[in-house]
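*Asks:* My questions will all concern the structure given below.
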Amino acid sequence: MKKMVLVTPGQEGMIAIAAALAMTATGFATAWAEKVIGAASVGALAEKPELFGRVLPLVVIPETIVVFGLVIAFLLVGLV
C-alpha cells in the first residue's frame, strides 16, 4: 500500500524550489568535477595517448551526479 504524503496548500512552491535547487546543485557539481577531471585527463592523454581507455571512464563518471539530481527532482515533484 502506497503511503500518502499530505502537501498543504502553499507548499507546492517550496517543493518546486527544492527540485530546482537539486538540479542546480548537481549541475554545478558535475561541471566542477568535469573541469577538474577533464583538465587532468587531457594532460595525461597529451603525454600518453594509450591511456585513453583508462581515462574515458573517469570522465564519464561525474555525469551520474546529474542523473541522481534528476531522480531526486522527479521524486520531489511527484509529491505535489
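Residue numbering restarts at 1 in every chain; chains get A, B, ... in the order shown in the C-alpha cells, and ligands count up from 1 in that same order.
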Report as a VMD selection string all protein, DNA and RNA residues lying within 12 Å of segment 51-57 of chain A, evaluated on only C-alpha atoms, omitting residues in the same chain fewer than 3 positions from it.

*Replies:* chain A and resid 34 37 to 48 60 to 64

*Asks:* Step one, run DSSP on the backbone; step two, keep only residues of chain A assigned to alpha helix (DSSP H); then write them as a ChimeraX atom specification.

*Replies:* /A:12-47,52-60,63-77

*Asks:* So which residues touch Thr30 of chain A within 7 Å, counting only C-alpha atoms, skipping near sequence neighbours fewer than 2 positions away, as a list in words?

*Replies:*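 Once the nearby chain positions are removed, what remains is Thr26, Gly27, Phe28, Trp32, Ala33, Glu34, Pro62, Glu63, Ile65 and Val66 of chain A.
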
*Asks:* Filtering to C-alpha atoms, could you give me those residues as a short mmCIF file (atom, residue, chain, number, x, y, z; two decimals), in the first residue's frame?

*Replies:*
data_model
loop_
_atom_site.label_atom_id
_atom_site.label_comp_id
_atom_site.auth_asym_id
_atom_site.auth_seq_id
_atom_site.Cartn_x
_atom_site.Cartn_y
_atom_site.Cartn_z
CA THR A 26 24.03 18.70 -9.10
CA GLY A 27 24.61 20.59 -12.35
CA PHE A 28 27.26 22.79 -10.74
CA TRP A 32 33.19 21.37 -11.42
CA ALA A 33 34.09 17.66 -11.45
CA GLU A 34 34.24 17.62 -15.25
CA PRO A 62 30.71 12.58 -12.90
CA GLU A 63 27.71 12.61 -15.26
CA ILE A 65 25.73 13.14 -10.34
CA VAL A 66 23.25 14.93 -12.63
#

*Asks:* Quick one: everything within 8 Å of Val77 of chain A, counting only C-alpha atoms, minus sequence neighbours fewer than 6 positions away in the same chain. Send it as a list in words.

*Replies:*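 Contacts, with the query itself left out: Ile15, Ala16 and Ala19 of chain A.
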
*Asks:* One decimal, Å: what's the distance from atom CA of Val36 of chain A over to atom CA of Leu70 of chain A, could you say?

*Replies:*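 Taking atom CA of Val36 of chain A as the start and atom CA of Leu70 of chain A as the end point, the length is 22.3 Å.
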
*Asks:* Take atom CA of Leu75 of chain A and atom CA of Glu12 of chain A and report the distance between them in Å, one decimal.

*Replies:*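 Those two atoms sit 13.2 Å apart.
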
*Asks:* List the spatial neighbours of Ala22 of chain A as a count of residues only - criterion: any atom at most 8 Å away, only C-alpha atoms, same-chain residues fewer than 6 positions off excluded.

*Replies:* 4

*Asks:* Between atom CA of Val67 of chain A and atom CA of Gln11 of chain A, measure the distance and give it in Å to one decimal.

*Replies:*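 Going from atom CA of Val67 of chain A over to atom CA of Gln11 of chain A covers 24.9 Å.
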